[in-house]
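Shown next: data.json, given as JSON, C-alpha atoms.
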[["chain", "number", "residue", "atom", "x", "y", "z"],
["A", 215, "MET", "CA", -11.36, 21.71, -11.58],
["A", 216, "ASP", "CA", -11.38, 24.42, -8.90],
["A", 217, "ALA", "CA", -9.60, 24.41, -5.54],
["A", 218, "GLN", "CA", -12.66, 23.19, -3.66],
["A", 219, "GLU", "CA", -13.05, 20.18, -5.95],
["A", 220, "SER", "CA", -9.33, 19.43, -5.59],
["A", 221, "LYS", "CA", -9.65, 19.55, -1.82],
["A", 222, "THR", "CA", -12.67, 17.26, -1.95],
["A", 223, "PHE", "CA", -10.88, 14.63, -4.02],
["A", 224, "GLN", "CA", -7.91, 14.73, -1.63],
["A", 225, "GLU", "CA", -10.30, 14.31, 1.28],
["A", 226, "ILE", "CA", -11.79, 11.25, -0.41],
["A", 227, "LYS", "CA", -8.32, 9.79, -0.85],
["A", 228, "ASN", "CA", -7.61, 10.37, 2.83],
["A", 229, "VAL", "CA", -10.87, 8.71, 3.87],
["A", 230, "ALA", "CA", -10.20, 5.74, 1.58],
["A", 231, "ARG", "CA", -6.75, 5.35, 3.12],
["A", 232, "GLN", "CA", -8.35, 5.23, 6.56],
["A", 233, "ALA", "CA", -10.84, 2.65, 5.26],
["A", 234, "ARG", "CA", -7.88, 0.50, 4.18],
["A", 235, "ARG", "CA", -6.39, 0.73, 7.68],
["A", 236, "TYR", "CA", -9.72, -0.40, 9.10],
["A", 237, "VAL", "CA", -9.87, -3.32, 6.63],
["A", 238, "LEU", "CA", -6.49, -4.64, 7.75],
["A", 239, "GLN", "CA", -7.29, -4.19, 11.43],
["A", 240, "MET", "CA", -10.81, -5.59, 11.21],
["A", 241, "ASN", "CA", -9.90, -8.71, 9.23],
["A", 242, "HIS", "CA", -6.86, -9.35, 11.41],
["A", 243, "HIS", "CA", -9.03, -9.10, 14.53],
["A", 244, "ALA", "CA", -11.70, -11.40, 13.09],
["A", 245, "GLY", "CA", -9.28, -13.83, 11.50],
["A", 246, "LYS", "CA", -11.66, -13.82, 8.54],
["A", 247, "GLY", "CA", -12.58, -11.72, 5.55],
["A", 248, "HIS", "CA", -11.96, -11.02, 1.88],
["A", 249, "THR", "CA", -9.08, -8.61, 2.25],
["A", 250, "GLY", "CA", -8.10, -8.28, -1.40],
["A", 251, "ALA", "CA", -11.67, -7.70, -2.54],
["A", 252, "ASP", "CA", -12.24, -5.13, 0.21],
["A", 253, "LEU", "CA", -9.17, -3.12, -0.75],
["A", 254, "SER", "CA", -10.03, -2.93, -4.45],
["A", 255, "GLU", "CA", -13.43, -1.30, -3.88],
["A", 256, "VAL", "CA", -13.04, 1.31, -1.15],
["A", 257, "ASP", "CA", -12.11, 4.23, -3.45],
["A", 258, "ILE", "CA", -15.25, 3.60, -5.50],
["A", 259, "ILE", "CA", -17.51, 3.42, -2.46],
["A", 260, "CYS", "CA", -16.03, 6.50, -0.79],
["A", 261, "THR", "CA", -16.25, 8.54, -4.00],
["A", 262, "LEU", "CA", -19.90, 7.62, -4.54],
["A", 263, "TYR", "CA", -20.92, 8.48, -0.99],
["A", 264, "MET", "CA", -18.78, 11.60, -0.61],
["A", 265, "SER", "CA", -19.13, 13.30, -3.99],
["A", 266, "VAL", "CA", -21.90, 11.75, -6.08],
["A", 267, "MET", "CA", -24.96, 10.31, -4.36],
["A", 268, "ASP", "CA", -27.75, 12.34, -2.82],
["A", 269, "ARG", "CA", -28.67, 10.53, 0.38],
["A", 270, "GLY", "CA", -30.17, 13.55, 2.10],
["A", 271, "GLN", "CA", -33.80, 12.62, 1.50],
["A", 272, "ALA", "CA", -35.83, 9.79, 3.00],
["A", 273, "ARG", "CA", -36.41, 6.64, 1.00],
["A", 274, "PRO", "CA", -37.57, 6.28, -1.67],
["A", 275, "ASP", "CA", -36.55, 9.80, -2.73],
["A", 276, "GLN", "CA", -32.79, 9.28, -2.58],
["A", 277, "ASP", "CA", -30.00, 7.73, -4.60],
["A", 278, "ARG", "CA", -29.47, 4.08, -3.68],
["A", 279, "PHE", "CA", -26.30, 1.96, -3.57],
["A", 280, "ILE", "CA", -26.17, -1.82, -3.85],
["A", 281, "LEU", "CA", -23.05, -3.86, -3.15],
["A", 282, "SER", "CA", -23.65, -6.83, -5.41],
["A", 283, "LYS", "CA", -20.20, -8.34, -4.74],
["A", 284, "GLY", "CA", -21.32, -9.19, -1.22],
["A", 285, "HIS", "CA", -18.04, -10.84, -0.26],
["A", 286, "GLY", "CA", -16.68, -7.27, -0.19],
["A", 287, "ALA", "CA", -18.88, -6.44, 2.79],
["A", 288, "GLY", "CA", -15.80, -5.61, 4.84],
["A", 289, "GLY", "CA", -14.85, -2.88, 2.40],
["A", 290, "LEU", "CA", -18.32, -1.35, 2.71],
["A", 291, "TYR", "CA", -18.27, -1.49, 6.52],
["A", 292, "CYS", "CA", -14.80, 0.03, 6.74],
["A", 293, "SER", "CA", -15.59, 2.74, 4.21],
["A", 294, "ALA", "CA", -18.72, 3.60, 6.18],
["A", 295, "ALA", "CA", -16.69, 3.79, 9.39],
["A", 296, "ALA", "CA", -14.08, 6.02, 7.75],
["A", 297, "MET", "CA", -16.83, 8.31, 6.42],
["A", 298, "GLY", "CA", -18.51, 8.60, 9.82],
["A", 299, "LEU", "CA", -21.55, 6.55, 8.83],
["A", 300, "LEU", "CA", -20.72, 3.70, 11.20],
["A", 301, "ASP", "CA", -19.09, 3.66, 14.63],
["A", 302, "PRO", "CA", -15.54, 2.28, 14.13],
["A", 303, "ALA", "CA", -15.85, 0.41, 17.42],
["A", 304, "VAL", "CA", -18.47, -1.81, 15.78],
["A", 305, "LEU", "CA", -15.82, -3.17, 13.40],
["A", 306, "ASP", "CA", -14.58, -5.45, 16.19],
["A", 307, "GLN", "CA", -17.87, -7.34, 15.81],
["A", 308, "PHE", "CA", -17.09, -8.39, 12.24],
["A", 309, "MET", "CA", -18.20, -11.98, 11.61],
["A", 310, "GLY", "CA", -18.84, -12.64, 15.30],
["A", 311, "ASP", "CA", -21.89, -14.39, 16.74],
["A", 312, "ASP", "CA", -25.16, -12.49, 16.21],
["A", 313, "THR", "CA", -23.21, -9.49, 14.96],
["A", 314, "LEU", "CA", -24.33, -6.38, 13.11],
["A", 315, "LEU", "CA", -21.48, -7.00, 10.66],
["A", 316, "ALA", "CA", -22.05, -10.33, 8.99],
["A", 317, "GLY", "CA", -19.58, -11.71, 6.48],
["A", 318, "HIS", "CA", -21.98, -10.72, 3.72],
["A", 319, "PRO", "CA", -24.31, -7.69, 3.88],
["A", 320, "VAL", "CA", -27.59, -8.17, 5.76],
["A", 321, "HIS", "CA", -30.19, -5.44, 5.28],
["A", 322, "GLN", "CA", -32.02, -6.24, 8.52],
["A", 323, "LYS", "CA", -28.86, -5.57, 10.54],
["A", 324, "LEU", "CA", -27.98, -2.16, 9.06],
["A", 325, "PRO", "CA", -30.98, -0.97, 7.03],
["A", 326, "ASP", "CA", -29.66, 2.57, 6.56],
["A", 327, "LEU", "CA", -26.45, 1.30, 4.97],
["A", 328, "ILE", "CA", -27.34, -1.99, 3.31],
["A", 329, "GLU", "CA", -30.02, -2.12, 0.62],
["A", 330, "ILE", "CA", -30.11, -5.88, 0.02],
["A", 331, "ASN", "CA", -28.76, -9.12, 1.43],
["A", 332, "SER", "CA", -26.05, -9.94, -1.10],
["A", 333, "GLY", "CA", -23.40, -12.56, -1.51],
["A", 334, "GLY", "CA", -25.16, -14.93, -3.83],
["A", 335, "LEU", "CA", -23.60, -13.33, -6.89],
["A", 336, "GLY", "CA", -25.64, -12.00, -9.79],
["A", 337, "HIS", "CA", -28.50, -10.55, -7.74],
["A", 338, "GLY", "CA", -27.47, -6.92, -7.32],
["A", 339, "LEU", "CA", -27.87, -5.73, -10.90],
["A", 340, "PRO", "CA", -31.38, -7.19, -11.35],
["A", 341, "ILE", "CA", -32.50, -5.47, -8.13],
["A", 342, "ALA", "CA", -30.86, -2.20, -9.17],
["A", 343, "VAL", "CA", -32.74, -2.42, -12.47],
["A", 344, "GLY", "CA", -35.96, -2.76, -10.48],
["A", 345, "LEU", "CA", -35.10, 0.27, -8.34],
["A", 346, "ALA", "CA", -34.27, 2.39, -11.39],
["A", 347, "LEU", "CA", -37.44, 1.31, -13.20],
["A", 348, "GLY", "CA", -39.51, 1.99, -10.09],
["A", 349, "ASN", "CA", -38.07, 5.49, -9.90],
["A", 350, "LYS", "CA", -39.00, 6.10, -13.54],
["A", 351, "ILE", "CA", -42.56, 4.89, -13.06],
["A", 352, "SER", "CA", -43.03, 6.86, -9.84],
["A", 353, "GLY", "CA", -41.81, 10.19, -11.18],
["A", 354, "ARG", "CA", -38.41, 10.01, -9.49],
["A", 355, "ALA", "CA", -36.30, 9.56, -12.62],
["A", 356, "HIS", "CA", -33.77, 12.01, -11.14],
["A", 357, "ARG", "CA", -32.95, 9.41, -8.48],
["A", 358, "ARG", "CA", -30.32, 6.90, -9.51],
["A", 359, "ALA", "CA", -29.56, 3.33, -8.60],
["A", 360, "PHE", "CA", -25.86, 2.51, -8.29],
["A", 361, "VAL", "CA", -24.62, -1.06, -8.16],
["A", 362, "LEU", "CA", -21.07, -2.31, -7.64],
["A", 363, "LEU", "CA", -20.29, -5.61, -9.34],
["A", 364, "GLY", "CA", -17.26, -7.84, -9.19],
["A", 365, "ASP", "CA", -15.80, -8.70, -12.57],
["A", 366, "GLY", "CA", -15.81, -12.43, -11.78],
["A", 367, "GLU", "CA", -19.47, -12.01, -10.91],
["A", 368, "LEU", "CA", -20.23, -11.26, -14.55],
["A", 369, "ALA", "CA", -20.07, -15.00, -15.27],
["A", 370, "GLU", "CA", -23.56, -15.13, -13.70],
["A", 371, "GLY", "CA", -26.16, -15.07, -16.47],
["A", 372, "SER", "CA", -28.66, -13.11, -14.41],
["A", 373, "ASN", "CA", -26.53, -10.02, -14.97],
["A", 374, "TRP", "CA", -27.08, -10.18, -18.70],
["A", 375, "GLU", "CA", -30.82, -10.77, -18.36],
["A", 376, "ALA", "CA", -30.92, -7.64, -16.19],
["A", 377, "ALA", "CA", -28.84, -5.74, -18.75],
["A", 378, "MET", "CA", -31.37, -6.56, -21.47],
["A", 379, "SER", "CA", -34.18, -5.22, -19.30],
["A", 380, "ALA", "CA", -32.25, -2.05, -18.45],
["A", 381, "SER", "CA", -31.70, -1.38, -22.13],
["A", 382, "LYS", "CA", -35.32, -2.09, -23.06],
["A", 383, "PHE", "CA", -36.64, 0.37, -20.49],
["A", 384, "LYS", "CA", -33.95, 2.99, -21.27],
["A", 385, "LEU", "CA", -32.87, 3.24, -17.65],
["A", 386, "ASP", "CA", -30.53, 6.18, -17.85],
["A", 387, "ASN", "CA", -30.86, 6.48, -14.07],
["A", 388, "LEU", "CA", -29.01, 3.17, -13.60],
["A", 389, "VAL", "CA", -25.23, 3.16, -13.07],
["A", 390, "ALA", "CA", -23.45, -0.18, -12.87],
["A", 391, "ILE", "CA", -19.81, -0.11, -11.81],
["A", 392, "VAL", "CA", -17.59, -3.12, -12.40],
["A", 393, "ASP", "CA", -14.70, -3.54, -9.96],
["A", 394, "ARG", "CA", -12.37, -4.68, -12.74],
["A", 395, "ASN", "CA", -9.47, -6.06, -10.73],
["A", 396, "ARG", "CA", -9.10, -8.99, -13.15],
["A", 397, "LEU", "CA", -8.85, -11.59, -10.38],
["A", 398, "GLN", "CA", -11.47, -13.92, -8.95],
["A", 399, "LEU", "CA", -11.08, -16.39, -6.14],
["A", 400, "ALA", "CA", -7.98, -18.34, -7.19],
["A", 401, "GLY", "CA", -6.79, -16.82, -10.44],
["A", 402, "LYS", "CA", -7.23, -14.41, -13.32],
["A", 403, "THR", "CA", -10.71, -13.84, -14.71],
["A", 404, "GLU", "CA", -9.39, -14.30, -18.22],
["A", 405, "ASP", "CA", -8.15, -17.79, -17.28],
["A", 406, "ILE", "CA", -11.19, -18.87, -15.25],
["A", 407, "MET", "CA", -13.97, -17.41, -17.40],
["A", 408, "PRO", "CA", -12.81, -14.87, -20.00],
["A", 409, "LEU", "CA", -14.71, -11.59, -20.13],
["A", 410, "GLU", "CA", -13.02, -9.72, -22.94],
["A", 411, "PRO", "CA", -14.03, -7.90, -25.05],
["A", 412, "LEU", "CA", -15.99, -6.71, -22.02],
["A", 413, "ALA", "CA", -16.78, -3.17, -23.19],
["A", 414, "ASP", "CA", -18.10, -4.47, -26.51],
["A", 415, "LYS", "CA", -20.36, -6.95, -24.69],
["A", 416, "TRP", "CA", -21.96, -4.20, -22.63],
["A", 417, "ARG", "CA", -22.42, -2.04, -25.70],
["A", 418, "ALA", "CA", -24.08, -4.94, -27.49],
["A", 419, "PHE", "CA", -26.57, -5.05, -24.61],
["A", 420, "GLY", "CA", -27.42, -1.38, -25.13],
["A", 421, "PHE", "CA", -25.29, 0.23, -22.42],
["A", 422, "GLU", "CA", -23.20, 3.35, -22.54],
["A", 423, "VAL", "CA", -19.71, 2.20, -21.52],
["A", 424, "LEU", "CA", -17.13, 4.35, -19.76],
["A", 425, "GLU", "CA", -13.83, 3.44, -18.13],
["A", 426, "CYS", "CA", -12.03, 5.00, -15.20],
["A", 427, "ASP", "CA", -9.18, 4.53, -12.79],
["A", 428, "GLY", "CA", -10.97, 2.85, -9.92],
["A", 429, "HIS", "CA", -8.46, 4.14, -7.39],
["A", 430, "ASP", "CA", -8.65, 7.81, -8.43],
["A", 431, "PRO", "CA", -11.65, 9.68, -6.99],
["A", 432, "GLU", "CA", -11.46, 12.36, -9.67],
["A", 433, "SER", "CA", -11.54, 9.76, -12.46],
["A", 434, "ILE", "CA", -14.41, 7.88, -10.81],
["A", 435, "HIS", "CA", -16.38, 11.08, -10.25],
["A", 436, "ALA", "CA", -15.91, 12.21, -13.86],
["A", 437, "ALA", "CA", -17.20, 8.90, -15.23],
["A", 438, "VAL", "CA", -20.21, 8.75, -12.93],
["A", 439, "THR", "CA", -21.30, 12.36, -13.40],
["A", 440, "GLN", "CA", -20.85, 12.64, -17.17],
["A", 441, "PRO", "CA", -24.15, 13.72, -18.76],
["A", 442, "THR", "CA", -26.40, 10.81, -19.66],
["A", 443, "GLN", "CA", -26.82, 9.63, -23.23],
["A", 444, "GLY", "CA", -30.32, 8.24, -22.57],
["A", 445, "LYS", "CA", -29.01, 4.74, -21.88],
["A", 446, "PRO", "CA", -28.12, 2.73, -18.82],
["A", 447, "ARG", "CA", -24.45, 3.25, -17.97],
["A", 448, "VAL", "CA", -21.73, 0.82, -16.99],
["A", 449, "ILE", "CA", -18.36, 2.01, -15.74],
["A", 450, "LEU", "CA", -15.44, -0.36, -16.02],
["A", 451, "ALA", "CA", -13.37, 0.74, -13.04],
["A", 452, "ASN", "CA", -9.84, -0.53, -13.50],
["A", 453, "THR", "CA", -8.64, -1.59, -10.07],
["A", 454, "GLU", "CA", -6.06, -3.74, -8.37],
["A", 455, "LYS", "CA", -6.98, -6.45, -5.92],
["A", 456, "GLY", "CA", -5.29, -5.76, -2.61],
["A", 457, "HIS", "CA", -4.55, -2.19, -3.70],
["A", 458, "GLY", "CA", -2.45, -0.09, -1.36],
["A", 459, "ILE", "CA", -0.48, -2.94, 0.23],
["A", 460, "SER", "CA", 2.62, -4.05, -1.65],
["A", 461, "PHE", "CA", 2.54, -7.74, -0.77],
["A", 462, "MET", "CA", -1.21, -8.08, -1.34],
["A", 463, "ALA", "CA", -1.56, -6.18, -4.61],
["A", 464, "ASN", "CA", -2.59, -8.36, -7.57],
["A", 465, "VAL", "CA", -1.99, -11.59, -5.61],
["A", 466, "PRO", "CA", -4.91, -14.05, -6.04],
["A", 467, "SER", "CA", -4.46, -15.72, -2.65],
["A", 468, "TRP", "CA", -5.42, -12.49, -0.88],
["A", 469, "HIS", "CA", -8.99, -12.91, -2.15],
["A", 470, "HIS", "CA", -9.77, -14.78, 1.05],
["A", 471, "ALA", "CA", -6.69, -14.28, 3.24],
["A", 472, "VAL", "CA", -6.20, -12.14, 6.35],
["A", 473, "PRO", "CA", -3.01, -10.51, 7.66],
["A", 474, "ASN", "CA", -1.06, -12.00, 10.54],
["A", 475, "ASP", "CA", 0.59, -9.79, 13.17],
["A", 476, "GLN", "CA", 3.67, -9.07, 11.06],
["A", 477, "GLN", "CA", 1.68, -8.43, 7.89],
["A", 478, "LEU", "CA", -0.69, -6.12, 9.76],
["A", 479, "ALA", "CA", 2.21, -4.05, 11.04],
["A", 480, "GLN", "CA", 3.80, -3.87, 7.59],
["A", 481, "GLY", "CA", 0.53, -2.98, 5.89],
["A", 482, "LEU", "CA", -0.30, -0.21, 8.35],
["A", 483, "ALA", "CA", 3.22, 1.17, 7.97],
["A", 484, "GLU", "CA", 2.83, 1.28, 4.18],
["A", 485, "LEU", "CA", -0.44, 3.16, 4.54],
["A", 486, "GLU", "CA", 1.38, 5.83, 6.57],
["A", 487, "GLU", "CA", 3.91, 6.45, 3.79]]
Target encoding structure tokens, full file:
Amino acid sequence: MDAQESKTFQEIKNVARQARRYVLQMNHHAGKGHTGADLSEVDIICTLYMSVMDRGQARPDQDRFILSKGHGAGGLYCSAAAMGLLDPAVLDQFMGDDTLLAGHPVHQKLPDLIEINSGGLGHGLPIAVGLALGNKISGRAHRRAFVLLGDGELAEGSNWEAAMSASKFKLDNLVAIVDRNRLQLAGKTEDIMPLEPLADKWRAFGFEVLECDGHDPESIHAAVTQPTQGKPRVILANTEKGHGISFMANVPSWHHAVPNDQQLAQGLAELEE
């Protein structure tokens, strides 16, 4: 890795840290949000947008990103604001009346940022399969479809129907990323609906399986950009729910909790350390 790459990864870390500040401030202001889920995904989103995806062309000739775990909309909004893709002042609208920033992503509100209306889990991967297949058919196989899934979301059977289709059509331009924070709603995924052996399941469905540290931009970048093996790819991104904030990290109740005044101050102070 050369000096420029090193600088880029540090820049991504800095942007993700700012996104975390925005998450705390935005959810505190709104009194609503999925704080833990937002914090586990921001490194993945920032790395994709800042070092992987080609968004320079007009649709349909560009890489596309789908946030299937729609309850993490706040993480997408705050990452976009930290990257300069969204005015940070708009974050104060989060979950207000007739707002641009609904609690789950709405394409009609922010069409340049949001590909699909998500939140009903299990829809993102099937749509990403359709985008990847459409690119293959239309001579744009170099354009990839990226989709970020929650690990609890994998209990939805539609994901596995989509996986079968992706394998059948050899969609090596499809990259699914699982935010593997091992918590869902009120507890551990392995207690609520066990997923392991998760890597073996994806392989059985014909996917190339890679793992990465979902909070390390360099690790994420390496997994996403590794040369294709002619198969659809899934990346199991090992993350921590509530990452970056000591009292939120790996605590199930922060799935749908928001910081009070004292917690906001403490969280922002930790992000300055």
>> List the spatial neighbours of segment 451-464 of chain A as JSON, numbers by chain - criterion: any atom at most 10 Å away, only C-alpha atoms, same-chain residues fewer than 3 positions off excluded.
In response: {"A": [231, 234, 235, 238, 248, 249, 250, 251, 252, 253, 254, 255, 256, 257, 258, 362, 365, 391, 392, 393, 394, 395, 396, 397, 398, 401, 402, 424, 425, 426, 427, 428, 429, 430, 433, 434, 437, 448, 467, 468, 469, 471, 473, 477, 480, 481, 482, 483, 484, 485]}
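Take atom CA of Ala479 of chain A and atom CA of His242 of chain A: the distance between them is 10.5 Å.
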> In Å to one decimal, how far is atom CA of Glu410 of chain A from atom CA of Pro446 of chain A?
Replying inline: 20.0 Å
>> If I take atom CA of Ile280 of chain A and atom CA of Gly247 of chain A, how far is one from the other in Å, to one decimal?
In response: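 Spanning atom CA of Ile280 of chain A to atom CA of Gly247 of chain A is a straight-line distance of 19.3 Å.
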>> Can you pull out the residues contacting segment 330-346 of chain A? Cut-off 7 Å, using all atoms listed in the file, and skip same-chain residues under 3 positions away; I want them as a list in words.
In response: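 Residues near the query, excluding close chain neighbours: Ile280, Leu281, Ser282, Lys283, Gly284, His285, His318, Pro319, Val320, His321, Asn349, Lys350, Arg358, Ala359, Phe360, Val361, Glu367, Glu370, Ser372, Asn373, Ala376, Ala380, Leu385, Asn387 and Leu388 of chain A.
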Only C-alpha atoms, please: the residues just picked out, written as a PDB file, keeping the file's coordinate frame.
ATOM      1  CA  ILE A 280     -26.170  -1.820  -3.850  1.00  0.00           C
ATOM      2  CA  LEU A 281     -23.050  -3.860  -3.150  1.00  0.00           C
ATOM      3  CA  SER A 282     -23.650  -6.830  -5.410  1.00  0.00           C
ATOM      4  CA  LYS A 283     -20.200  -8.340  -4.740  1.00  0.00           C
ATOM      5  CA  GLY A 284     -21.320  -9.190  -1.220  1.00  0.00           C
ATOM      6  CA  HIS A 285     -18.040 -10.840  -0.260  1.00  0.00           C
ATOM      7  CA  HIS A 318     -21.980 -10.720   3.720  1.00  0.00           C
ATOM      8  CA  PRO A 319     -24.310  -7.690   3.880  1.00  0.00           C
ATOM      9  CA  VAL A 320     -27.590  -8.170   5.760  1.00  0.00           C
ATOM     10  CA  HIS A 321     -30.190  -5.440   5.280  1.00  0.00           C
ATOM     11  CA  ASN A 349     -38.070   5.490  -9.900  1.00  0.00           C
ATOM     12  CA  LYS A 350     -39.000   6.100 -13.540  1.00  0.00           C
ATOM     13  CA  ARG A 358     -30.320   6.900  -9.510  1.00  0.00           C
ATOM     14  CA  ALA A 359     -29.560   3.330  -8.600  1.00  0.00           C
ATOM     15  CA  PHE A 360     -25.860   2.510  -8.290  1.00  0.00           C
ATOM     16  CA  VAL A 361     -24.620  -1.060  -8.160  1.00  0.00           C
ATOM     17  CA  GLU A 367     -19.470 -12.010 -10.910  1.00  0.00           C
ATOM     18  CA  GLU A 370     -23.560 -15.130 -13.700  1.00  0.00           C
ATOM     19  CA  SER A 372     -28.660 -13.110 -14.410  1.00  0.00           C
ATOM     20  CA  ASN A 373     -26.530 -10.020 -14.970  1.00  0.00           C
ATOM     21  CA  ALA A 376     -30.920  -7.640 -16.190  1.00  0.00           C
ATOM     22  CA  ALA A 380     -32.250  -2.050 -18.450  1.00  0.00           C
ATOM     23  CA  LEU A 385     -32.870   3.240 -17.650  1.00  0.00           C
ATOM     24  CA  ASN A 387     -30.860   6.480 -14.070  1.00  0.00           C
ATOM     25  CA  LEU A 388     -29.010   3.170 -13.600  1.00  0.00           C
TER      26      LEU A 388
END
>> I want to know what sits within 12 Å of Phe223 of chain A, based on all atoms listed in the file, with residues of the same chain fewer than 5 positions away left out; could you give that as a PyMOL selection string?
In response: chain A and resi 215-218+228-230+257-258+260-262+264-266+429-436
> Hey, what's within 12 Å of Val423 of chain A if we count all atoms listed in the file and toss same-chain stuff fewer than 5 positions away? As a ChimeraX atom specification, please?
Replying inline: /A:389-392,412-418,437-438,440,442-443,445-451
Find the axis-aligned box for segment 331-348 of chain A, covering all its listed atoms and adding 8 Å on each side, and write its centre and edge lengths in Å to one decimal as lines of an AutoDock Vina configuration file.
center_x = -31.5
center_y = -6.3
center_z = -5.9
size_x = 32.1
size_y = 33.3
size_z = 30.6
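Distance check against Asp277 of chain A using all atoms listed in the file: of A:Glu329, A:Glu404, A:Glu225, A:Asp475, the minimum falls on A:Glu329.
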> Nearest to Gly353 of chain A among A:Leu290, A:Pro274, A:Met267, A:Lys227, with distances taken over all atoms listed in the file: which residue is it?
Replying inline: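 Smallest distance to Gly353 of chain A is found for A:Pro274.
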>> Between A:Ala369, A:Asp326, A:Ala295, A:Ala287, which residue has the minimum interatomic distance to Met407 of chain A, considering all atoms listed in the file?
In response: A:Ala369
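Among A:Pro325, A:Gly348, A:Gly245, A:Gly420, the residue with the shortest atom-to-atom distance to Phe308 of chain A, counting all atoms listed in the file, is A:Gly245.
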Do you have, as JSON lines, the list of residues of segment 261-300 of chain A lying at most 12 Å from segment 354-357 of chain A, each with its nearest atom pair and that distance in Å to one decimal, counting all atoms listed in the file and ordered by chain then number?
{"residue": "A:Val266", "atom": "CA", "partner": "A:Arg357", "partner_atom": "CA", "distance": 11.5}
{"residue": "A:Met267", "atom": "CA", "partner": "A:Arg357", "partner_atom": "CA", "distance": 9.0}
{"residue": "A:Asp268", "atom": "CA", "partner": "A:Arg357", "partner_atom": "CA", "distance": 8.2}
{"residue": "A:Arg269", "atom": "CA", "partner": "A:Arg357", "partner_atom": "CA", "distance": 9.9}
{"residue": "A:Gly270", "atom": "CA", "partner": "A:Arg357", "partner_atom": "CA", "distance": 11.7}
{"residue": "A:Gln271", "atom": "CA", "partner": "A:Arg357", "partner_atom": "CA", "distance": 10.5}
{"residue": "A:Ala272", "atom": "CA", "partner": "A:Arg357", "partner_atom": "CA", "distance": 11.8}
{"residue": "A:Arg273", "atom": "CA", "partner": "A:Arg357", "partner_atom": "CA", "distance": 10.5}
{"residue": "A:Pro274", "atom": "CA", "partner": "A:Arg354", "partner_atom": "CA", "distance": 8.7}
{"residue": "A:Asp275", "atom": "CA", "partner": "A:Arg357", "partner_atom": "CA", "distance": 6.8}
{"residue": "A:Gln276", "atom": "CA", "partner": "A:Arg357", "partner_atom": "CA", "distance": 5.9}
{"residue": "A:Asp277", "atom": "CA", "partner": "A:Arg357", "partner_atom": "CA", "distance": 5.2}
{"residue": "A:Arg278", "atom": "CA", "partner": "A:Arg357", "partner_atom": "CA", "distance": 8.0}
{"residue": "A:Phe279", "atom": "CA", "partner": "A:Arg357", "partner_atom": "CA", "distance": 11.1}
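Nearest to Pro302 of chain A of all the residues A:Trp374, A:Phe419, A:Tyr263, A:Tyr236 is A:Tyr236, counting only C-alpha atoms.
Minimum atom-to-atom distances from A:Gln232, A:Gln239, A:Gln322, A:Ser293 to Asn474 of chain A were compared using all atoms listed in the file, and the lowest value belongs to A:Gln239.
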>> Around (-18.5, -2.1, 16.7), as given in the file, which residues come within 12 Å? Count all atoms listed in the file and list them as a VMD selection string.
In response: chain A and resid 236 240 243 291 to 292 294 to 295 300 to 310 313 to 316
Output segment 279-287 of chain A with N, CA, C and O atoms present, as a short mmCIF file (atom, residue, chain, number, x, y, z; two decimals), in the frame of the given file.
data_model
loop_
_atom_site.label_atom_id
_atom_site.label_comp_id
_atom_site.auth_asym_id
_atom_site.auth_seq_id
_atom_site.Cartn_x
_atom_site.Cartn_y
_atom_site.Cartn_z
N PHE A 279 -27.52 2.71 -3.24
CA PHE A 279 -26.30 1.96 -3.57
C PHE A 279 -26.47 0.50 -3.17
O PHE A 279 -26.86 0.19 -2.05
N ILE A 280 -26.12 -0.38 -4.10
CA ILE A 280 -26.17 -1.82 -3.85
C ILE A 280 -24.78 -2.39 -4.03
O ILE A 280 -24.14 -2.19 -5.07
N LEU A 281 -24.30 -3.11 -3.03
CA LEU A 281 -23.05 -3.86 -3.15
C LEU A 281 -23.41 -5.27 -3.59
O LEU A 281 -23.79 -6.11 -2.79
N SER A 282 -23.30 -5.51 -4.90
CA SER A 282 -23.65 -6.83 -5.41
C SER A 282 -22.58 -7.86 -5.08
O SER A 282 -22.88 -9.01 -4.79
N LYS A 283 -21.30 -7.44 -5.12
CA LYS A 283 -20.20 -8.34 -4.74
C LYS A 283 -20.16 -8.41 -3.21
O LYS A 283 -19.32 -7.80 -2.54
N GLY A 284 -21.09 -9.19 -2.66
CA GLY A 284 -21.32 -9.19 -1.22
C GLY A 284 -20.15 -9.66 -0.40
O GLY A 284 -20.05 -9.34 0.80
N HIS A 285 -19.22 -10.42 -1.01
CA HIS A 285 -18.04 -10.84 -0.26
C HIS A 285 -17.16 -9.65 0.09
O HIS A 285 -16.28 -9.77 0.95
N GLY A 286 -17.40 -8.49 -0.54
CA GLY A 286 -16.68 -7.27 -0.19
C GLY A 286 -17.36 -6.47 0.90
O GLY A 286 -17.13 -5.26 1.01
N ALA A 287 -18.17 -7.14 1.72
CA ALA A 287 -18.88 -6.44 2.79
C ALA A 287 -17.93 -5.68 3.70
O ALA A 287 -18.23 -4.57 4.15
#
